[in-house]
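Shown next: coords-v9.cif, containing mmCIF, C-alpha atoms, pLDDT in the B column; chains and numbers go by the auth columns.
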```cif
data_run
loop_
_atom_site.group_PDB
_atom_site.id
_atom_site.type_symbol
_atom_site.label_atom_id
_atom_site.label_comp_id
_atom_site.label_asym_id
_atom_site.label_seq_id
_atom_site.Cartn_x
_atom_site.Cartn_y
_atom_site.Cartn_z
_atom_site.B_iso_or_equiv
_atom_site.auth_seq_id
_atom_site.auth_asym_id
ATOM 1 C CA MET A 1 19.156 -25.092 -33.618 59.00 16 A
ATOM 2 C CA PRO A 2 18.346 -21.446 -32.977 73.00 17 A
ATOM 3 C CA ASN A 3 21.012 -18.905 -32.092 91.00 18 A
ATOM 4 C CA VAL A 4 21.062 -19.044 -28.285 94.00 19 A
ATOM 5 C CA ALA A 5 22.173 -16.578 -25.631 96.00 20 A
ATOM 6 C CA VAL A 6 22.381 -16.872 -21.854 96.00 21 A
ATOM 7 C CA VAL A 7 22.095 -13.963 -19.436 97.00 22 A
ATOM 8 C CA ALA A 8 22.997 -15.331 -16.017 94.00 23 A
ATOM 9 C CA HIS A 9 23.163 -13.776 -12.582 93.00 24 A
ATOM 10 C CA SER A 10 26.496 -15.181 -11.415 91.00 25 A
ATOM 11 C CA ARG A 11 25.614 -14.956 -7.737 86.00 26 A
ATOM 12 C CA LYS A 12 22.622 -17.271 -8.049 79.00 27 A
ATOM 13 C CA SER A 13 23.459 -20.889 -7.348 73.00 28 A
ATOM 14 C CA PHE A 14 20.193 -22.763 -7.660 72.00 29 A
ATOM 15 C CA GLY A 15 20.731 -26.502 -8.001 74.00 30 A
ATOM 16 C CA GLY A 16 24.109 -27.137 -9.579 78.00 31 A
ATOM 17 C CA GLY A 17 24.550 -23.483 -10.497 82.00 32 A
ATOM 18 C CA LEU A 18 25.967 -22.267 -13.773 88.00 33 A
ATOM 19 C CA CYS A 19 28.055 -25.430 -14.206 88.00 34 A
ATOM 20 C CA GLU A 20 24.861 -27.471 -14.316 85.00 35 A
ATOM 21 C CA LEU A 21 23.291 -24.970 -16.704 86.00 36 A
ATOM 22 C CA ARG A 22 26.231 -25.300 -19.128 89.00 37 A
ATOM 23 C CA THR A 23 26.019 -29.107 -18.902 89.00 38 A
ATOM 24 C CA VAL A 24 22.272 -29.172 -19.540 86.00 39 A
ATOM 25 C CA LEU A 25 22.550 -26.798 -22.492 88.00 40 A
ATOM 26 C CA ALA A 26 25.380 -28.871 -23.991 90.00 41 A
ATOM 27 C CA ARG A 27 23.222 -31.995 -23.690 87.00 42 A
ATOM 28 C CA GLU A 28 20.573 -30.157 -25.691 83.00 43 A
ATOM 29 C CA GLY A 29 23.129 -29.318 -28.396 87.00 44 A
ATOM 30 C CA VAL A 30 23.897 -25.756 -27.299 88.00 45 A
ATOM 31 C CA THR A 31 27.660 -25.859 -26.943 90.00 46 A
ATOM 32 C CA ASP A 32 28.651 -22.278 -27.714 92.00 47 A
ATOM 33 C CA PRO A 33 25.895 -19.837 -26.718 95.00 48 A
ATOM 34 C CA LEU A 34 26.446 -16.119 -26.384 97.00 49 A
ATOM 35 C CA TRP A 35 27.184 -16.048 -22.649 97.00 50 A
ATOM 36 C CA TYR A 36 26.787 -13.049 -20.353 97.00 51 A
ATOM 37 C CA GLU A 37 27.202 -13.143 -16.578 96.00 52 A
ATOM 38 C CA VAL A 38 26.191 -10.273 -14.332 96.00 53 A
ATOM 39 C CA LYS A 39 26.801 -9.756 -10.613 96.00 54 A
ATOM 40 C CA LYS A 40 23.857 -7.379 -10.232 96.00 55 A
ATOM 41 C CA SER A 41 20.487 -7.558 -11.970 94.00 56 A
ATOM 42 C CA ARG A 42 20.768 -3.904 -13.000 97.00 57 A
ATOM 43 C CA HIS A 43 23.458 -4.980 -15.501 98.00 58 A
ATOM 44 C CA ALA A 44 21.233 -7.585 -17.164 98.00 59 A
ATOM 45 C CA PRO A 45 19.414 -5.228 -19.583 98.00 60 A
ATOM 46 C CA ALA A 46 22.609 -4.199 -21.386 98.00 61 A
ATOM 47 C CA CYS A 47 23.575 -7.847 -21.832 98.00 62 A
ATOM 48 C CA ALA A 48 20.088 -8.796 -22.988 98.00 63 A
ATOM 49 C CA ARG A 49 20.055 -5.978 -25.561 98.00 64 A
ATOM 50 C CA ARG A 50 23.526 -7.011 -26.747 98.00 65 A
ATOM 51 C CA ALA A 51 22.360 -10.621 -27.166 97.00 66 A
ATOM 52 C CA ALA A 52 19.318 -9.528 -29.179 97.00 67 A
ATOM 53 C CA ALA A 53 21.478 -7.240 -31.337 97.00 68 A
ATOM 54 C CA GLN A 54 23.826 -10.175 -32.009 96.00 69 A
ATOM 55 C CA GLY A 55 20.924 -12.218 -33.358 96.00 70 A
ATOM 56 C CA ALA A 56 19.889 -14.343 -30.400 96.00 71 A
ATOM 57 C CA GLU A 57 16.645 -16.104 -31.250 94.00 72 A
ATOM 58 C CA VAL A 58 16.311 -17.643 -27.779 93.00 73 A
ATOM 59 C CA MET A 59 17.693 -16.064 -24.629 95.00 74 A
ATOM 60 C CA PHE A 60 17.873 -18.096 -21.437 92.00 75 A
ATOM 61 C CA VAL A 61 17.697 -15.882 -18.365 93.00 76 A
ATOM 62 C CA TRP A 62 19.116 -17.460 -15.200 91.00 77 A
ATOM 63 C CA GLY A 63 18.326 -15.455 -12.115 90.00 78 A
ATOM 64 C CA GLY A 64 15.693 -14.096 -9.812 89.00 79 A
ATOM 65 C CA ASP A 65 12.719 -11.866 -10.473 90.00 80 A
ATOM 66 C CA GLY A 66 14.874 -8.738 -10.928 92.00 81 A
ATOM 67 C CA THR A 67 17.178 -10.250 -13.536 94.00 82 A
ATOM 68 C CA VAL A 68 14.285 -11.867 -15.385 93.00 83 A
ATOM 69 C CA GLN A 69 12.071 -8.769 -15.392 93.00 84 A
ATOM 70 C CA ARG A 70 14.864 -6.462 -16.510 96.00 85 A
ATOM 71 C CA SER A 71 15.950 -8.838 -19.279 97.00 86 A
ATOM 72 C CA ILE A 72 12.399 -9.246 -20.576 94.00 87 A
ATOM 73 C CA ASP A 73 11.913 -5.479 -20.617 96.00 88 A
ATOM 74 C CA ALA A 74 15.169 -5.051 -22.540 97.00 89 A
ATOM 75 C CA VAL A 75 14.239 -7.387 -25.404 97.00 90 A
ATOM 76 C CA ALA A 76 10.501 -6.693 -25.631 95.00 91 A
ATOM 77 C CA GLY A 77 9.556 -6.233 -29.257 93.00 92 A
ATOM 78 C CA THR A 78 12.848 -7.549 -30.672 94.00 93 A
ATOM 79 C CA GLY A 79 11.629 -11.033 -31.586 92.00 94 A
ATOM 80 C CA THR A 80 14.038 -12.691 -29.177 94.00 95 A
ATOM 81 C CA ALA A 81 12.238 -15.437 -27.260 92.00 96 A
ATOM 82 C CA VAL A 82 12.901 -15.601 -23.533 91.00 97 A
ATOM 83 C CA ALA A 83 13.277 -18.866 -21.652 88.00 98 A
ATOM 84 C CA ILE A 84 13.134 -18.205 -17.919 87.00 99 A
ATOM 85 C CA LEU A 85 15.383 -20.288 -15.684 86.00 100 A
ATOM 86 C CA PRO A 86 14.285 -19.410 -12.135 84.00 101 A
ATOM 87 C CA ALA A 87 17.292 -19.234 -9.826 81.00 102 A
ATOM 88 C CA GLY A 88 16.326 -16.608 -7.291 75.00 103 A
ATOM 89 C CA THR A 89 14.866 -16.648 -3.818 74.00 104 A
ATOM 90 C CA ALA A 90 11.170 -16.157 -4.546 75.00 105 A
ATOM 91 C CA ASN A 91 10.860 -16.552 -8.349 75.00 106 A
ATOM 92 C CA LEU A 92 7.355 -15.077 -8.268 69.00 107 A
ATOM 93 C CA LEU A 93 7.081 -14.508 -12.020 73.00 108 A
ATOM 94 C CA ALA A 94 8.157 -18.066 -12.804 72.00 109 A
ATOM 95 C CA MET A 95 5.805 -19.442 -10.167 69.00 110 A
ATOM 96 C CA ASN A 96 2.861 -17.425 -11.508 73.00 111 A
ATOM 97 C CA LEU A 97 3.609 -18.607 -15.050 71.00 112 A
ATOM 98 C CA GLN A 98 4.033 -22.199 -13.776 74.00 113 A
ATOM 99 C CA ILE A 99 7.549 -22.417 -15.155 69.00 114 A
ATOM 100 C CA PRO A 100 9.401 -25.443 -13.783 66.00 115 A
ATOM 101 C CA ASP A 101 12.414 -24.707 -11.614 64.00 116 A
ATOM 102 C CA ASP A 102 14.138 -27.772 -13.036 60.00 117 A
ATOM 103 C CA PRO A 103 16.893 -26.616 -15.441 55.00 118 A
ATOM 104 C CA PRO A 104 16.845 -29.804 -17.568 55.00 119 A
ATOM 105 C CA LYS A 105 13.087 -29.482 -18.175 55.00 120 A
ATOM 106 C CA ARG A 106 13.235 -25.769 -18.931 53.00 121 A
ATOM 107 C CA CYS A 107 16.321 -25.940 -21.125 58.00 122 A
ATOM 108 C CA GLY A 108 14.851 -28.809 -23.105 52.00 123 A
ATOM 109 C CA SER A 109 11.684 -26.893 -23.905 50.00 124 A
ATOM 110 C CA GLY A 110 13.628 -23.715 -24.685 50.00 125 A
ATOM 111 C CA CYS A 111 16.001 -25.514 -27.040 50.00 126 A
ATOM 112 C CA ALA A 112 13.371 -27.617 -28.812 46.00 127 A
ATOM 113 C CA GLU A 113 12.328 -24.701 -30.965 42.00 128 A
ATOM 114 C CA THR A 114 12.280 -20.947 -30.799 41.00 129 A
ATOM 115 C CA ALA A 115 8.541 -20.936 -30.166 40.00 130 A
ATOM 116 C CA ALA A 116 9.066 -22.844 -26.925 44.00 131 A
ATOM 117 C CA GLY A 117 10.454 -19.682 -25.353 47.00 132 A
ATOM 118 C CA TRP A 118 8.358 -16.677 -24.498 48.00 133 A
ATOM 119 C CA THR A 119 8.547 -13.791 -26.929 49.00 134 A
ATOM 120 C CA PRO A 120 7.747 -10.652 -24.961 55.00 135 A
ATOM 121 C CA GLY A 121 5.944 -7.720 -26.499 49.00 136 A
ATOM 122 C CA ARG A 122 3.595 -9.715 -28.704 45.00 137 A
#
```
Kindly present the structure from the file in structure tokens form.
Amino acid sequence: MPNVAVVAHSRKSFGGGLCELRTVLAREGVTDPLWYEVKKSRHAPACARRAAAQGAEVMFVWGGDGTVQRSIDAVAGTGTAVAILPAGTANLLAMNLQIPDDPPKRCGSGCAETAAGWTPGR
């Protein structure tokens, strides 16, 4: 199991919210990820960089387009794979990449192996 981190926008409550996300990750064997919650997307980059610096191989980003975009920018070139968990209003990036908005499906593919995430900057 890769070293996993979660950067989550705490004000996004798609589906079952962060409680469901924790449950789904635990079902996939991720019981103690590096966990960062932000109330504003502008705080996501610092958390994403911290996760990468702490050795996260896969980083799940739970939030809308702003949180996702800022987190991807922050870890580009680090080797940390990004698994997008769309939880915003529009989720345009996720929609354009045809990423499912079903947390169990997305978490399963992100946890299966590091390559299942998206490694930005390559």
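Comparing A:Pro17, A:Gly81, A:Gly94, A:Gly103 by their smallest distance to A:Glu43, the closest is A:Pro17 (using only C-alpha atoms).
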> Contacts of A:Val76 at 9 Å or less, counting all atoms listed in the file, minus same-chain residues fewer than 3 places along, as a list in words?
Replying inline: Ala20, Val21, Val22, Ala23, His24, Ala63, Gly79, Thr82, Val83, Ser86, Ile87, Val97, Ala98, Ile99, Leu100 and Pro101 of chain A
>> Quick check, in Å to one decimal: how far apart do atom CA of A:Ala71 and atom CA of A:Leu49 lie?
In response: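 Atom CA of A:Leu49 lies at a distance of 7.9 Å from atom CA of A:Ala71.
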>> Could you list, as an MDAnalysis selection string, every residue matched by the PyMOL selection byres ((chain A and resi 89) around 10) in this structure?
In response: chainID A and resid 59:65 67 83:88 90:93 135
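Atom CA of A:Ser25 sits 11.4 Å away from atom CA of A:His58.
Atom CA of A:Ala102 is found 19.0 Å from atom CA of A:Pro48.
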Nearby residues, (28.3, -20.9, -25.1) file frame, 12 Å, only C-alpha atoms, as an mmCIF file with C-alpha atoms, in the frame of the given file:
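Output below, filename out28.cif:
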```cif
data_model
loop_
_atom_site.group_PDB
_atom_site.id
_atom_site.type_symbol
_atom_site.label_atom_id
_atom_site.label_comp_id
_atom_site.auth_asym_id
_atom_site.auth_seq_id
_atom_site.Cartn_x
_atom_site.Cartn_y
_atom_site.Cartn_z
ATOM 1 C CA ASN A 18 21.012 -18.905 -32.092
ATOM 2 C CA VAL A 19 21.062 -19.044 -28.285
ATOM 3 C CA ALA A 20 22.173 -16.578 -25.631
ATOM 4 C CA VAL A 21 22.381 -16.872 -21.854
ATOM 5 C CA VAL A 22 22.095 -13.963 -19.436
ATOM 6 C CA ALA A 23 22.997 -15.331 -16.017
ATOM 7 C CA LEU A 33 25.967 -22.267 -13.773
ATOM 8 C CA CYS A 34 28.055 -25.430 -14.206
ATOM 9 C CA LEU A 36 23.291 -24.970 -16.704
ATOM 10 C CA ARG A 37 26.231 -25.300 -19.128
ATOM 11 C CA THR A 38 26.019 -29.107 -18.902
ATOM 12 C CA VAL A 39 22.272 -29.172 -19.540
ATOM 13 C CA LEU A 40 22.550 -26.798 -22.492
ATOM 14 C CA ALA A 41 25.380 -28.871 -23.991
ATOM 15 C CA GLY A 44 23.129 -29.318 -28.396
ATOM 16 C CA VAL A 45 23.897 -25.756 -27.299
ATOM 17 C CA THR A 46 27.660 -25.859 -26.943
ATOM 18 C CA ASP A 47 28.651 -22.278 -27.714
ATOM 19 C CA PRO A 48 25.895 -19.837 -26.718
ATOM 20 C CA LEU A 49 26.446 -16.119 -26.384
ATOM 21 C CA TRP A 50 27.184 -16.048 -22.649
ATOM 22 C CA TYR A 51 26.787 -13.049 -20.353
ATOM 23 C CA GLU A 52 27.202 -13.143 -16.578
ATOM 24 C CA ALA A 71 19.889 -14.343 -30.400
ATOM 25 C CA MET A 74 17.693 -16.064 -24.629
ATOM 26 C CA PHE A 75 17.873 -18.096 -21.437
#
```
Enclosing box along x, y and z for every listed atom of stretch 64-67 of chain A, padded 3 Å each side, centre and size in Å, one decimal, as lines of an AutoDock Vina configuration file:
```
center_x = 21.4
center_y = -8.3
center_z = -27.4
size_x = 10.2
size_y = 10.6
size_z = 9.6
```
>> Measuring between all atoms listed in the file, which one of A:Thr104, A:Arg42, A:Thr95, A:Arg57 shows the shortest distance to A:Lys27?
In response: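 Closest to A:Lys27 of all the choices is A:Thr104.
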Kindly add N, CA and C atoms to the incomplete stretch 65-87 of chain A and provide the output as a PDB file, keeping the file's coordinate frame.
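Heads up, here's the output in part.pdb:
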```
ATOM      1  N   ARG A  65      22.374  -6.591 -25.944  1.00 98.00           N
ATOM      2  CA  ARG A  65      23.526  -7.011 -26.747  1.00 98.00           C
ATOM      3  C   ARG A  65      23.248  -8.374 -27.393  1.00 98.00           C
ATOM      4  N   ALA A  66      22.686  -9.295 -26.634  1.00 97.00           N
ATOM      5  CA  ALA A  66      22.360 -10.621 -27.166  1.00 97.00           C
ATOM      6  C   ALA A  66      21.359 -10.518 -28.309  1.00 97.00           C
ATOM      7  N   ALA A  67      20.323  -9.707 -28.126  1.00 97.00           N
ATOM      8  CA  ALA A  67      19.318  -9.528 -29.179  1.00 97.00           C
ATOM      9  C   ALA A  67      19.957  -8.902 -30.423  1.00 97.00           C
ATOM     10  N   ALA A  68      20.810  -7.906 -30.216  1.00 97.00           N
ATOM     11  CA  ALA A  68      21.478  -7.240 -31.337  1.00 97.00           C
ATOM     12  C   ALA A  68      22.405  -8.201 -32.088  1.00 97.00           C
ATOM     13  N   GLN A  69      22.939  -9.195 -31.373  1.00 96.00           N
ATOM     14  CA  GLN A  69      23.826 -10.175 -32.009  1.00 96.00           C
ATOM     15  C   GLN A  69      23.049 -11.337 -32.614  1.00 96.00           C
ATOM     16  N   GLY A  70      21.733 -11.233 -32.655  1.00 96.00           N
ATOM     17  CA  GLY A  70      20.924 -12.218 -33.358  1.00 96.00           C
ATOM     18  C   GLY A  70      20.414 -13.378 -32.535  1.00 96.00           C
ATOM     19  N   ALA A  71      20.412 -13.259 -31.222  1.00 96.00           N
ATOM     20  CA  ALA A  71      19.889 -14.343 -30.400  1.00 96.00           C
ATOM     21  C   ALA A  71      18.405 -14.546 -30.687  1.00 96.00           C
ATOM     22  N   GLU A  72      18.049 -15.769 -31.030  1.00 94.00           N
ATOM     23  CA  GLU A  72      16.645 -16.104 -31.250  1.00 94.00           C
ATOM     24  C   GLU A  72      15.990 -16.548 -29.948  1.00 94.00           C
ATOM     25  N   VAL A  73      16.772 -17.204 -29.096  1.00 93.00           N
ATOM     26  CA  VAL A  73      16.311 -17.643 -27.779  1.00 93.00           C
ATOM     27  C   VAL A  73      17.318 -17.157 -26.756  1.00 93.00           C
ATOM     28  N   MET A  74      16.816 -16.535 -25.699  1.00 95.00           N
ATOM     29  CA  MET A  74      17.693 -16.064 -24.629  1.00 95.00           C
ATOM     30  C   MET A  74      17.245 -16.708 -23.326  1.00 95.00           C
ATOM     31  N   PHE A  75      18.128 -17.518 -22.747  1.00 92.00           N
ATOM     32  CA  PHE A  75      17.873 -18.096 -21.437  1.00 92.00           C
ATOM     33  C   PHE A  75      18.282 -17.069 -20.392  1.00 92.00           C
ATOM     34  N   VAL A  76      17.393 -16.815 -19.442  1.00 93.00           N
ATOM     35  CA  VAL A  76      17.697 -15.882 -18.365  1.00 93.00           C
ATOM     36  C   VAL A  76      17.713 -16.668 -17.061  1.00 93.00           C
ATOM     37  N   TRP A  77      18.896 -16.748 -16.458  1.00 91.00           N
ATOM     38  CA  TRP A  77      19.116 -17.460 -15.200  1.00 91.00           C
ATOM     39  C   TRP A  77      19.232 -16.423 -14.100  1.00 91.00           C
ATOM     40  N   GLY A  78      18.259 -16.409 -13.208  1.00 90.00           N
ATOM     41  CA  GLY A  78      18.326 -15.455 -12.115  1.00 90.00           C
ATOM     42  C   GLY A  78      17.004 -15.347 -11.402  1.00 90.00           C
ATOM     43  N   GLY A  79      16.910 -14.348 -10.562  1.00 89.00           N
ATOM     44  CA  GLY A  79      15.693 -14.096  -9.812  1.00 89.00           C
ATOM     45  C   GLY A  79      14.770 -13.152 -10.553  1.00 89.00           C
ATOM     46  N   ASP A  80      13.727 -12.723  -9.852  1.00 90.00           N
ATOM     47  CA  ASP A  80      12.719 -11.866 -10.473  1.00 90.00           C
ATOM     48  C   ASP A  80      13.304 -10.597 -11.075  1.00 90.00           C
ATOM     49  N   GLY A  81      14.285  -9.978 -10.412  1.00 92.00           N
ATOM     50  CA  GLY A  81      14.874  -8.738 -10.928  1.00 92.00           C
ATOM     51  C   GLY A  81      15.607  -8.948 -12.237  1.00 92.00           C
ATOM     52  N   THR A  82      16.430  -9.957 -12.310  1.00 94.00           N
ATOM     53  CA  THR A  82      17.178 -10.250 -13.536  1.00 94.00           C
ATOM     54  C   THR A  82      16.229 -10.607 -14.663  1.00 94.00           C
ATOM     55  N   VAL A  83      15.246 -11.435 -14.360  1.00 93.00           N
ATOM     56  CA  VAL A  83      14.285 -11.867 -15.385  1.00 93.00           C
ATOM     57  C   VAL A  83      13.480 -10.679 -15.899  1.00 93.00           C
ATOM     58  N   GLN A  84      12.910  -9.903 -14.991  1.00 93.00           N
ATOM     59  CA  GLN A  84      12.071  -8.769 -15.392  1.00 93.00           C
ATOM     60  C   GLN A  84      12.863  -7.759 -16.223  1.00 93.00           C
ATOM     61  N   ARG A  85      14.044  -7.441 -15.789  1.00 96.00           N
ATOM     62  CA  ARG A  85      14.864  -6.462 -16.510  1.00 96.00           C
ATOM     63  C   ARG A  85      15.282  -6.981 -17.884  1.00 96.00           C
ATOM     64  N   SER A  86      15.560  -8.260 -17.989  1.00 97.00           N
ATOM     65  CA  SER A  86      15.950  -8.838 -19.279  1.00 97.00           C
ATOM     66  C   SER A  86      14.771  -8.869 -20.242  1.00 97.00           C
ATOM     67  N   ILE A  87      13.605  -9.236 -19.734  1.00 94.00           N
ATOM     68  CA  ILE A  87      12.399  -9.246 -20.576  1.00 94.00           C
ATOM     69  C   ILE A  87      12.107  -7.842 -21.093  1.00 94.00           C
TER      70      ILE A  87
END
```
